[in-house]
file coords13.txt (compact mmCIF, C-alpha atoms)
# COMPACT_ATOMS: atom_id res chain seq x y z
CA MET Z 1 81.65 108.88 140.42
CA ARG Z 2 84.15 106.09 139.69
CA SER Z 3 82.98 103.54 137.16
CA VAL Z 4 85.71 100.91 137.50
CA PRO Z 5 85.01 97.97 139.77
CA PRO Z 6 86.44 97.98 143.29
CA PHE Z 7 89.60 96.12 144.13
CA ASN Z 8 89.19 92.39 143.76
CA ALA Z 9 89.13 90.89 147.23
CA ALA Z 10 90.01 87.46 145.85
CA LEU Z 11 93.40 88.76 144.81
CA GLU Z 12 94.11 90.18 148.24
CA ALA Z 13 94.16 86.75 149.88
CA PRO Z 14 97.43 85.67 151.52
CA PRO Z 15 99.62 83.45 149.35
CA ALA Z 16 99.85 79.71 149.58
CA GLN Z 17 103.00 78.29 151.11
CA GLY Z 18 105.44 76.69 148.71
CA ALA Z 19 107.10 73.31 149.12
CA GLU Z 20 110.20 74.92 150.61
CA GLY Z 21 108.14 76.68 153.22
CA GLY Z 22 108.51 80.12 151.66
CA ALA Z 23 105.84 82.03 149.87
CA ALA Z 24 104.96 80.40 146.59
CA ALA Z 25 104.64 82.39 143.41
CA PHE Z 26 101.40 84.12 144.22
CA LEU Z 27 99.87 84.30 140.80
CA SER Z 28 99.63 81.72 138.09
CA PRO Z 29 99.31 82.92 134.46
CA GLN Z 30 95.54 82.68 134.77
CA GLU Z 31 95.63 84.73 137.92
CA PHE Z 32 97.85 87.23 136.19
CA GLU Z 33 95.14 87.62 133.56
CA ALA Z 34 92.67 88.28 136.35
CA LEU Z 35 95.06 90.77 137.92
CA TYR Z 36 95.46 92.48 134.58
CA SER Z 37 91.79 92.79 133.78
CA THR Z 38 90.95 93.88 137.32
CA TYR Z 39 93.62 96.49 137.69
CA PHE Z 40 94.32 97.75 134.21
CA HIS Z 41 91.98 100.72 134.47
CA HIS Z 42 93.20 101.42 137.98
CA VAL Z 43 96.77 101.54 136.72
CA THR Z 44 95.84 104.05 134.03
CA ARG Z 45 94.20 106.19 136.72
CA TRP Z 46 97.19 105.94 139.02
CA ALA Z 47 99.59 106.82 136.22
CA ARG Z 48 97.59 109.94 135.49
CA ALA Z 49 97.55 110.85 139.16
CA PHE Z 50 101.35 110.51 139.23
CA GLY Z 51 101.52 113.13 136.51
CA CYS Z 52 101.93 110.93 133.48
CA PRO Z 53 100.88 112.81 130.32
CA GLN Z 54 97.82 111.40 128.60
CA PRO Z 55 99.61 110.12 125.49
CA ASP Z 56 102.07 108.09 127.60
CA ILE Z 57 99.57 106.33 129.82
CA ASP Z 58 99.39 103.22 127.65
CA ASP Z 59 103.16 102.89 127.71
CA VAL Z 60 103.26 103.25 131.48
CA ALA Z 61 100.46 100.71 131.96
CA GLN Z 62 102.22 98.26 129.68
CA GLU Z 63 105.53 98.67 131.47
CA THR Z 64 103.85 98.35 134.86
CA PHE Z 65 102.36 95.00 133.96
CA LEU Z 66 105.59 93.85 132.33
CA VAL Z 67 107.42 94.58 135.57
CA ALA Z 68 104.63 92.95 137.58
CA ARG Z 69 104.80 89.80 135.48
CA ARG Z 70 108.57 89.68 135.81
CA ARG Z 71 108.31 90.03 139.57
CA LEU Z 72 105.44 87.70 140.22
CA ALA Z 73 107.71 85.30 142.04
CA GLN Z 74 108.82 88.05 144.41
CA PHE Z 75 105.29 89.06 145.32
CA GLN Z 76 104.60 87.97 148.85
CA GLY Z 77 100.83 88.19 148.59
CA GLY Z 78 98.50 90.42 150.51
CA ASN Z 79 97.92 93.86 149.10
CA ALA Z 80 98.05 93.31 145.33
CA ALA Z 81 96.65 96.78 144.65
CA GLY Z 82 99.34 98.40 146.77
CA TRP Z 83 102.01 96.28 145.11
CA LEU Z 84 100.90 97.31 141.62
CA TYR Z 85 100.48 100.90 142.74
CA ARG Z 86 104.10 101.09 143.86
CA ILE Z 87 105.28 99.53 140.62
CA ALA Z 88 103.21 102.04 138.63
CA GLN Z 89 104.67 104.85 140.73
CA HIS Z 90 108.25 103.79 140.00
CA VAL Z 91 107.52 103.17 136.35
CA THR Z 92 105.88 106.57 135.95
CA ARG Z 93 108.79 108.29 137.65
CA SER Z 94 111.37 106.63 135.48
CA HIS Z 95 109.21 107.19 132.42
CA ARG Z 96 109.04 110.88 133.20
CA ARG Z 97 112.78 111.05 133.68
CA ARG Z 98 113.40 109.35 130.37
CA ALA Z 99 110.85 111.45 128.57
CA TRP Z 100 112.31 114.79 129.61
CA LEU Z 101 113.32 115.62 126.08
CA ARG Z 102 109.87 114.80 124.80
CA ARG Z 103 108.37 117.05 127.42
CA VAL Z 104 110.66 119.87 126.38
CA LEU Z 105 109.69 119.45 122.76
CA HIS Z 106 105.99 119.09 123.48
CA ARG Z 107 105.62 121.66 126.17
CA ASP Z 108 102.01 121.04 126.91
CA PRO Z 109 101.16 117.40 127.46
CA GLU Z 110 97.62 117.48 128.68
CA LEU Z 111 96.36 115.50 131.61
CA GLY Z 112 92.86 115.71 130.27
CA PRO Z 113 90.72 112.85 129.10
CA THR Z 114 91.23 111.68 125.54
CA GLU Z 115 87.62 112.17 124.58
CA ASP Z 116 87.34 115.77 123.51
CA ARG Z 117 84.19 115.88 121.46
CA HIS Z 118 82.48 119.23 121.65
CA THR Z 119 80.02 120.61 119.24
CA ASN Z 120 80.82 124.09 120.35
CA PRO Z 121 84.27 125.59 119.74
CA VAL Z 122 83.94 128.07 122.61
CA GLU Z 123 83.09 125.29 125.03
CA ALA Z 124 86.04 123.27 123.74
CA LEU Z 125 88.35 126.21 124.24
CA GLU Z 126 87.10 126.83 127.75
CA GLN Z 127 87.57 123.17 128.62
CA ARG Z 128 91.05 123.21 127.25
CA GLU Z 129 91.85 126.37 129.16
CA ALA Z 130 90.45 124.87 132.36
CA ARG Z 131 92.53 121.73 131.92
CA ARG Z 132 95.63 123.81 131.33
CA LEU Z 133 94.99 125.84 134.47
CA MET Z 134 94.32 122.68 136.44
CA GLN Z 135 97.59 121.21 135.23
CA THR Z 136 99.44 124.35 136.25
CA LEU Z 137 97.90 124.34 139.71
CA LEU Z 138 98.58 120.65 140.28
CA SER Z 139 102.17 120.99 139.15
CA GLN Z 140 102.76 123.46 141.99
CA MET Z 141 101.67 121.01 144.68
CA THR Z 142 103.97 118.50 146.32
CA GLU Z 143 103.88 115.07 144.74
CA ARG Z 144 102.34 113.34 147.72
CA ARG Z 145 99.53 115.86 148.14
CA ARG Z 146 98.93 116.09 144.43
CA THR Z 147 98.58 112.34 144.05
CA THR Z 148 96.20 112.05 146.99
CA PHE Z 149 94.18 115.03 145.78
CA PHE Z 150 94.00 113.67 142.26
CA LEU Z 151 92.95 110.18 143.31
CA PHE Z 152 90.27 111.52 145.64
CA GLU Z 153 88.91 114.55 143.81
CA ILE Z 154 89.38 113.63 140.17
CA GLU Z 155 89.39 109.84 140.03
CA GLY Z 156 86.88 109.39 142.82
CA TYR Z 157 88.74 106.95 145.08
CA SER Z 158 87.70 106.81 148.69
CA GLY Z 159 90.04 107.65 151.55
CA GLU Z 160 90.16 103.98 152.56
CA GLU Z 161 91.16 102.88 149.07
CA ILE Z 162 93.91 105.48 148.89
CA ALA Z 163 95.13 104.36 152.31
CA GLN Z 164 95.29 100.78 151.05
CA LEU Z 165 97.21 101.85 147.96
CA GLU Z 166 99.65 104.06 149.80
CA GLY Z 167 100.03 101.69 152.73
CA VAL Z 168 99.24 104.40 155.27
CA ALA Z 169 96.51 105.04 157.82
CA VAL Z 170 93.22 106.51 156.64
CA THR Z 171 93.72 109.50 158.92
CA THR Z 172 97.00 110.21 157.16
CA VAL Z 173 95.18 110.26 153.84
CA TYR Z 174 92.60 112.70 155.14
CA THR Z 175 95.30 114.92 156.60
CA ARG Z 176 97.06 114.96 153.25
CA LEU Z 177 93.77 115.69 151.54
CA HIS Z 178 93.05 118.55 153.87
CA HIS Z 179 96.43 120.15 153.17
CA ALA Z 180 96.20 119.40 149.46
CA ARG Z 181 92.79 121.01 149.19
CA ARG Z 182 93.95 124.09 151.06
CA ASP Z 183 96.99 124.35 148.75
CA PHE Z 184 94.77 123.92 145.73
CA MET Z 185 92.31 126.62 146.77
CA ASN Z 186 95.12 129.02 147.61
CA LEU Z 187 96.79 128.43 144.26
CA LEU Z 188 93.46 128.84 142.52
CA ALA Z 189 92.75 132.06 144.40
CA ARG Z 190 96.12 133.38 143.40
CA ALA Z 191 95.57 132.36 139.78
CA GLU Z 192 92.17 134.02 139.77
CA GLY Z 193 93.60 137.15 141.33
CA GLN Z 194 91.89 136.77 144.66
CA GLU Z 195 93.30 136.88 148.13
CA ALA Z 196 94.70 133.54 149.30
CA LEU Z 197 92.75 131.65 151.93
CA LYS Z 198 94.09 131.36 155.44
CA MET Q 1 85.02 113.91 153.81
CA LYS Q 2 83.11 115.43 150.93
CA ARG Q 3 84.65 115.92 147.54
CA ILE Q 4 85.04 119.41 146.11
CA VAL Q 5 82.30 118.80 143.57
CA GLU Q 6 79.94 117.82 146.38
CA LEU Q 7 80.52 121.06 148.28
CA PRO Q 8 78.02 123.86 147.70
CA GLY Q 9 79.47 126.20 145.11
CA ASP Q 10 78.21 129.35 146.83
CA ASP Q 11 81.28 131.45 146.42
CA ARG Q 12 83.02 132.16 143.15
CA LEU Q 13 86.19 130.30 144.09
CA THR Q 14 84.45 127.04 144.95
CA ALA Q 15 82.34 127.29 141.82
CA ARG Q 16 85.52 127.73 139.80
CA ALA Q 17 87.07 124.73 141.57
CA HIS Q 18 83.99 122.69 140.56
CA GLU Q 19 84.53 123.72 136.95
CA LEU Q 20 88.20 122.81 136.99
CA VAL Q 21 87.71 119.42 138.63
CA ARG Q 22 84.95 118.58 136.18
CA ALA Q 23 87.03 119.79 133.25
CA LEU Q 24 89.76 117.32 134.07
CA GLY Q 25 87.35 114.49 134.76
CA PRO Q 26 88.17 110.88 135.62
CA THR Q 27 90.24 108.78 133.26
CA PRO Q 28 87.97 107.32 130.60
CA GLU Q 29 87.72 103.57 130.58
CA SER Q 30 88.45 101.91 127.29
CA ALA Q 31 88.12 98.21 126.50
CA GLU Q 32 90.01 98.82 123.29
CA ARG Q 33 92.94 100.24 125.24
CA LEU Q 34 92.84 97.29 127.63
CA GLN Q 35 93.06 94.85 124.73
CA ARG Q 36 95.73 96.81 122.94
CA VAL Q 37 98.04 96.93 125.94
CA ARG Q 38 97.34 93.27 126.67
CA ARG Q 39 98.45 92.35 123.16
CA SER Q 40 101.57 94.45 123.49
CA LEU Q 41 102.48 92.63 126.71
CA ASP Q 42 103.00 89.46 124.72
CA ALA Q 43 104.85 91.17 121.91
CA PRO Q 44 108.64 90.99 122.01
CA THR Q 45 110.21 93.89 123.85
CA ARG Q 46 111.12 96.66 121.51
CA SER Q 47 113.54 98.50 123.72
CA ALA Q 48 116.66 99.62 121.96
CA PRO Q 49 119.84 97.66 122.68
CA ARG Q 50 122.60 99.35 124.65
CA TRP Q 51 124.80 99.89 121.62
CA ALA Q 52 122.00 101.89 119.98
CA TRP Q 53 122.24 104.51 122.71
CA ARG Q 54 125.96 104.75 122.26
CA ALA Q 55 125.60 105.03 118.50
CA SER Q 56 122.97 107.77 118.94
CA LEU Q 57 125.25 109.63 121.32
CA ALA Q 58 128.14 109.37 118.91
CA LEU Q 59 125.97 110.61 116.06
CA ALA Q 60 124.77 113.52 118.17
CA LEU Q 61 128.36 114.44 119.01
CA VAL Q 62 129.31 114.32 115.34
CA GLY Q 63 126.33 116.54 114.55
CA VAL Q 64 127.26 119.06 117.20
CA SER Q 65 130.86 119.10 116.01
CA ALA Q 66 129.75 119.65 112.44
CA ALA Q 67 127.50 122.51 113.49
CA ALA Q 68 130.28 124.05 115.53
CA ALA Q 69 132.67 123.74 112.61
CA ALA Q 70 130.17 125.32 110.24
CA SER Q 71 129.52 128.25 112.55
CA SER Q 72 133.20 128.76 113.31
CA SER Q 73 133.93 129.02 109.60
CA ALA Q 74 131.30 131.76 109.40
CA TRP Q 75 133.00 133.53 112.30
CA VAL Q 76 136.35 133.30 110.54
CA GLY Q 77 134.87 135.32 107.70
CA TRP Q 78 133.45 137.79 110.11
CA PHE Q 79 136.74 138.20 111.91
CA SER Q 80 138.38 139.19 108.68
CA GLN Q 81 135.74 141.88 108.05
CA ALA Q 82 134.66 143.10 111.44
CA PRO Q 83 136.05 146.36 112.76
CA SER Q 84 137.81 145.97 116.06
CA SER Q 85 135.30 148.27 117.81
CA GLN Q 86 132.59 145.59 117.45
CA VAL Q 87 134.53 142.95 119.36
CA GLU Q 88 133.21 142.64 122.89
CA PRO Q 89 135.56 142.72 125.86
CA ALA Q 90 136.86 139.36 126.98
CA GLY Q 91 134.94 139.42 130.26
CA ALA Q 92 131.60 140.21 128.69
CA PRO Q 93 128.96 137.45 128.79
CA PRO Q 94 128.45 135.74 125.44
CA ARG Q 95 125.57 136.98 123.38
CA ARG Q 96 122.89 134.50 122.55
CA LEU Q 97 122.99 133.13 119.05
CA THR Q 98 119.70 133.01 117.26
CA ALA Q 99 118.63 131.54 113.99
CA ARG Q 100 118.39 135.04 112.53
CA ALA Q 101 121.86 136.04 113.64
CA LEU Q 102 123.98 137.09 110.69
CA PRO Q 103 127.73 136.68 110.55
CA GLY Q 104 128.06 140.44 110.74
CA VAL Q 105 126.41 140.66 114.12
CA ALA Q 106 127.76 137.45 115.58
CA PRO Q 107 129.65 137.70 118.88
CA ALA Q 108 133.22 136.73 119.57
CA ALA Q 109 134.13 133.15 118.82
CA SER Q 110 132.97 131.56 122.02
CA PRO Q 111 130.75 128.51 121.84
CA PRO Q 112 127.08 129.00 122.65
CA THR Q 113 126.47 128.27 126.31
CA ALA Q 114 123.45 127.91 128.52
CA SER Q 115 123.80 131.42 129.88
CA PRO Q 116 120.52 133.31 130.40
CA PRO Q 117 119.19 134.90 127.23
CA ARG Q 118 120.07 138.52 126.76
CA GLU Q 119 118.31 141.00 124.60
CA PRO Q 120 120.48 142.38 121.80
CA ALA Q 121 122.13 145.66 122.75
CA SER Q 122 120.81 147.54 119.76
CA PRO Q 123 117.65 146.70 117.88
CA ALA Q 124 117.94 145.62 114.28
CA PRO Q 125 115.21 147.53 112.46
CA ALA Q 126 115.49 145.57 109.25
CA ALA Q 127 115.21 142.26 111.07
CA SER Q 128 112.22 143.33 113.15
CA ALA Q 129 110.44 144.66 110.10
CA ALA Q 130 110.90 141.36 108.33
CA ARG Q 131 109.85 139.30 111.35
CA PRO Q 132 106.91 137.03 110.63
CA ALA Q 133 104.01 138.37 112.67
CA PRO Q 134 102.12 135.49 114.24
CA THR Q 135 103.70 132.97 116.53
CA ALA Q 136 101.86 129.94 117.85
CA LEU Q 137 101.28 131.75 121.12
CA SER Q 138 99.75 134.79 119.53
CA ASP Q 139 97.51 132.51 117.48
CA VAL Q 140 96.21 130.96 120.67
CA ALA Q 141 95.67 134.39 122.19
CA ARG Q 142 93.81 135.56 119.09
CA VAL Q 143 91.48 132.58 119.10
CA HIS Q 144 90.77 133.06 122.77
CA GLU Q 145 90.12 136.76 122.30
CA ALA Q 146 87.86 136.00 119.37
CA ALA Q 147 85.92 133.42 121.39
CA LYS Q 148 85.49 135.95 124.17
CA ALA Q 149 84.39 138.65 121.77
CA LEU Q 150 81.90 136.34 120.15
CA ARG Q 151 80.44 134.75 123.23
CA HIS Q 152 80.86 137.11 126.11
CA GLU Q 153 80.77 140.47 124.35
CA GLY Q 154 78.45 139.53 121.48
CA ASP Q 155 80.76 141.19 119.01
CA PRO Q 156 81.16 138.98 115.90
CA GLU Q 157 82.69 141.90 114.05
CA ARG Q 158 85.67 141.99 116.37
CA ALA Q 159 85.89 138.20 116.44
CA LEU Q 160 86.21 138.14 112.67
CA GLN Q 161 88.74 140.94 112.73
CA LEU Q 162 90.87 138.92 115.11
CA LEU Q 163 90.53 135.70 113.19
CA GLU Q 164 90.97 137.20 109.73
CA ARG Q 165 93.73 139.66 110.30
CA PRO Q 166 95.19 140.48 106.84
CA GLY Q 167 98.43 138.74 106.03
CA THR Q 168 98.15 136.22 108.85
CA ARG Q 169 96.59 132.82 109.06
CA ILE Q 170 95.94 130.87 112.20
CA THR Q 171 97.77 127.59 112.13
CA GLY Q 172 98.65 124.99 114.71
CA PRO Q 173 96.46 123.24 117.25
CA LEU Q 174 93.71 125.86 117.23
CA ALA Q 175 93.29 126.16 113.47
CA GLU Q 176 90.18 124.01 113.57
CA GLU Q 177 88.65 126.05 116.39
CA ALA Q 178 89.49 129.25 114.54
CA LEU Q 179 87.66 128.10 111.42
CA ALA Q 180 84.65 126.99 113.44
CA LEU Q 181 84.61 130.34 115.21
CA ARG Q 182 84.71 132.14 111.88
CA ILE Q 183 81.63 130.17 110.83
CA GLU Q 184 79.83 131.13 114.03
CA ALA Q 185 80.86 134.76 113.72
CA SER Q 186 79.76 134.88 110.10
CA VAL Q 187 76.39 133.45 111.05
CA ALA Q 188 76.06 136.02 113.84
CA ARG Q 189 77.02 138.87 111.56
CA GLY Q 190 74.96 137.56 108.66
CA ASP Q 191 77.54 138.41 106.04
CA GLY Q 192 76.63 135.42 103.86
CA ARG Q 193 80.07 133.82 103.97
CA GLN Q 194 79.14 131.11 106.44
CA GLY Q 195 78.27 128.57 103.75
CA LYS Q 196 81.62 128.96 102.07
CA LEU Q 197 83.40 128.67 105.39
CA ALA Q 198 81.37 125.63 106.40
CA ALA Q 199 82.20 123.92 103.12
CA ALA Q 200 85.85 124.73 103.65
CA TYR Q 201 85.64 123.32 107.15
CA LEU Q 202 84.12 120.05 106.00
CA ALA Q 203 86.68 119.74 103.23
CA GLN Q 204 89.53 120.32 105.64
CA TYR Q 205 88.16 118.39 108.63
CA PRO Q 206 85.67 115.79 107.38
CA ASN Q 207 85.65 114.13 110.82
CA GLY Q 208 86.20 117.34 112.78
CA ARG Q 209 84.74 118.18 116.14
CA TYR Q 210 82.48 120.85 114.75
CA ARG Q 211 81.23 119.07 111.66
CA GLU Q 212 77.69 119.15 113.02
CA LEU Q 213 77.87 122.92 113.18
CA ALA Q 214 79.20 123.08 109.63
CA LYS Q 215 76.54 120.70 108.35
CA ARG Q 216 73.81 122.69 110.06
CA VAL Q 217 75.07 125.86 108.45
CA LEU Q 218 75.22 124.24 105.02
CA ALA Q 219 71.74 122.76 105.45
CA GLY Q 220 70.43 126.17 106.49
CA ARG Q 221 71.88 127.77 103.40
CA GLN Q 222 70.32 125.23 101.08
CA GLN Q 223 66.85 125.69 102.56
call {"tool": "encode", "arguments": {"input": "coords13.txt", "output": "structure tokens"}}
result
Amino acid sequence: MRSVPPFNAALEAPPAQGAEGGAAAFLSPQEFEALYSTYFHHVTRWARAFGCPQPDIDDVAQETFLVARRRLAQFQGGNAAGWLYRIAQHVTRSHRRRAWLRRVLHRDPELGPTEDRHTNPVEALEQREARRLMQTLLSQMTERRRTTFFLFEIEGYSGEEIAQLEGVAVTTVYTRLHHARRDFMNLLARAEGQEALK
Amino acid sequence: MKRIVELPGDDRLTARAHELVRALGPTPESAERLQRVRRSLDAPTRSAPRWAWRASLALALVGVSAAAAASSSAWVGWFSQAPSSQVEPAGAPPRRLTARALPGVAPAASPPTASPPREPASPAPAASAARPAPTALSDVARVHEAAKALRHEGDPERALQLLERPGTRITGPLAEEALALRIEASVARGDGRQGKLAAAYLAQYPNGRYRELAKRVLAGRQQ
């Protein structure tokens, strides 16, 4: 399902020790380039899972890597994906806070993919309607469940990858997924006028 | 654990969930986007300096004050004309000001607050008669109804009625879809207007999503 390459194991290696005995700056500029090209598409996916509207994803990705570059010296090595994921999470949150006015003015920022080429207007309308409904349903879930659900169901990450990103046990991810899926189906049933699932 | 799209869509709810998950789809990968953001990383930061925020805030305050002054001067005129019976009691919640509110129906001189909107006590027949009919929302509803009529009910007549209601024109984000639907409905009804509509579509949206449809219709007319 997912077309981006998996996390780069080379970047997950523990850092070299600096002359003072502490952790050295983990990534040189060349390594930053590698980090960027490896994780850029992941960051755009994460931003979308955090609820970033489609038009703002570039801004969030840019800010995430700006912050990452500024904090390279503080990075202690290890889980680079998790480190970037947390930065993207904070950046998206603050971006959303700052963009509240924009969201009020443009009430319907779509989470959908940018490519919207349909030859059939009815199909296009149905897709748009489905995306809108999906957005409504997701917005009613808690942030943690929504993110896990989105990464697993929409973006196609595995439970192990989500666990690595979130820094939690795989079982925790599957528990969250279980609850998120139940919430989703109940919300969908309600939206479709059916009885909620137990 | 299987993904929703991998589950058998036996029941209607799961099948609908499949549709929704597919409709959202994974984030598309774009090398162009990767390069663009990479270039912007090296560009100087364009964030506004702190004083700019303060200046904006000051400007906004000046704007609000000017608006308040303008509206209060209108109220002064109203006070001099309004009969005392129209003045609301002091404890009454302030009436919402709207863009259509005239000085003669304005409430007491209290500033507009964020209180919940209240319907006007008495309807204004003249204002409602002059109200422009279609809002953006009703346009969306019309296009959706027309699509349903055309596709699910096989009723191009009704689709065209919805899309070509006299005195209204669909504007906004669904204008392109509306025009494409009109072409489809015209083809289905066979009223001979499809060529004109297709030409109009191509003139208006030369790179539109439904240009293939329009071109097919035009090619069909020429044959």
call {"tool": "atom_distance", "arguments": {"input": "coords13.txt", "atom1": "CA of Leu61 in chain Q", "atom2": "CA of Arg93 in chain Z"}}
result
27.7 Å
call {"tool": "closest_residue", "arguments": {"input": "coords13.txt", "among": "Z:Phe40, Z:Phe75, Z:Tyr174, Z:Phe65", "to": "Leu41 in chain Q", "atoms": "only C-alpha atoms"}}
result
Z:Phe65
call {"tool": "closest_residue", "arguments": {"input": "coords13.txt", "among": "Z:Ile87, Z:Cys52, Z:Leu138, Z:Ile154", "to": "chain Q", "atoms": "all atoms listed in the file"}}
result
Z:Ile154
call {"tool": "interface_residues", "arguments": {"input": "coords13.txt", "of": "chain Q", "to": "chain Z", "cutoff": "9 Å", "atoms": "all atoms listed in the file", "output": "JSON, numbers by chain"}}
result
{"Q": [1, 3, 4, 5, 13, 14, 16, 17, 19, 20, 21, 22, 23, 24, 25, 26, 27, 28, 29, 30, 33, 34, 36, 37, 38, 40, 41, 143, 144, 147, 148, 150, 151, 174, 176, 177, 178, 180, 181, 209, 210, 211, 212, 213]}
call {"tool": "closest_residue", "arguments": {"input": "coords13.txt", "among": "Z:Ala169, Z:Pro55, Z:Leu84, Z:Gln76", "to": "Leu35 in chain Z", "atoms": "all atoms listed in the file"}}
result
Z:Leu84
call {"tool": "build_atoms", "arguments": {"input": "coords13.txt", "residues": "range 32-48 of chain Z", "atoms": "N, CA and C atoms", "output": "JSON list (two decimals), keeping the file's coordinate frame"}}
result
[["chain", "number", "residue", "atom", "x", "y", "z"],
["Z", 32, "PHE", "N", 97.31, 85.98, 136.72],
["Z", 32, "PHE", "CA", 97.85, 87.23, 136.19],
["Z", 32, "PHE", "C", 96.85, 87.89, 135.26],
["Z", 33, "GLU", "N", 96.17, 87.07, 134.46],
["Z", 33, "GLU", "CA", 95.14, 87.62, 133.56],
["Z", 33, "GLU", "C", 94.06, 88.33, 134.39],
["Z", 34, "ALA", "N", 93.69, 87.68, 135.49],
["Z", 34, "ALA", "CA", 92.67, 88.28, 136.35],
["Z", 34, "ALA", "C", 93.18, 89.59, 136.95],
["Z", 35, "LEU", "N", 94.44, 89.56, 137.36],
["Z", 35, "LEU", "CA", 95.06, 90.77, 137.92],
["Z", 35, "LEU", "C", 95.05, 91.89, 136.88],
["Z", 36, "TYR", "N", 95.40, 91.49, 135.66],
["Z", 36, "TYR", "CA", 95.46, 92.48, 134.58],
["Z", 36, "TYR", "C", 94.09, 93.10, 134.33],
["Z", 37, "SER", "N", 93.10, 92.24, 134.14],
["Z", 37, "SER", "CA", 91.79, 92.79, 133.78],
["Z", 37, "SER", "C", 91.17, 93.55, 134.95],
["Z", 38, "THR", "N", 91.51, 93.16, 136.17],
["Z", 38, "THR", "CA", 90.95, 93.88, 137.32],
["Z", 38, "THR", "C", 91.60, 95.24, 137.50],
["Z", 39, "TYR", "N", 92.90, 95.28, 137.30],
["Z", 39, "TYR", "CA", 93.62, 96.49, 137.69],
["Z", 39, "TYR", "C", 94.05, 97.38, 136.54],
["Z", 40, "PHE", "N", 93.81, 96.94, 135.31],
["Z", 40, "PHE", "CA", 94.32, 97.75, 134.21],
["Z", 40, "PHE", "C", 93.82, 99.20, 134.29],
["Z", 41, "HIS", "N", 92.52, 99.36, 134.45],
["Z", 41, "HIS", "CA", 91.98, 100.72, 134.47],
["Z", 41, "HIS", "C", 92.45, 101.48, 135.70],
["Z", 42, "HIS", "N", 92.65, 100.75, 136.80],
["Z", 42, "HIS", "CA", 93.20, 101.42, 137.98],
["Z", 42, "HIS", "C", 94.60, 101.94, 137.69],
["Z", 43, "VAL", "N", 95.40, 101.12, 137.00],
["Z", 43, "VAL", "CA", 96.77, 101.54, 136.72],
["Z", 43, "VAL", "C", 96.78, 102.79, 135.85],
["Z", 44, "THR", "N", 95.87, 102.84, 134.87],
["Z", 44, "THR", "CA", 95.84, 104.05, 134.03],
["Z", 44, "THR", "C", 95.47, 105.27, 134.87],
["Z", 45, "ARG", "N", 94.58, 105.08, 135.84],
["Z", 45, "ARG", "CA", 94.20, 106.19, 136.72],
["Z", 45, "ARG", "C", 95.37, 106.61, 137.61],
["Z", 46, "TRP", "N", 96.07, 105.62, 138.15],
["Z", 46, "TRP", "CA", 97.19, 105.94, 139.02],
["Z", 46, "TRP", "C", 98.27, 106.68, 138.23],
["Z", 47, "ALA", "N", 98.54, 106.18, 137.02],
["Z", 47, "ALA", "CA", 99.59, 106.82, 136.22],
["Z", 47, "ALA", "C", 99.25, 108.29, 135.98],
["Z", 48, "ARG", "N", 98.00, 108.55, 135.72],
["Z", 48, "ARG", "CA", 97.59, 109.94, 135.49],
["Z", 48, "ARG", "C", 97.74, 110.77, 136.76]]
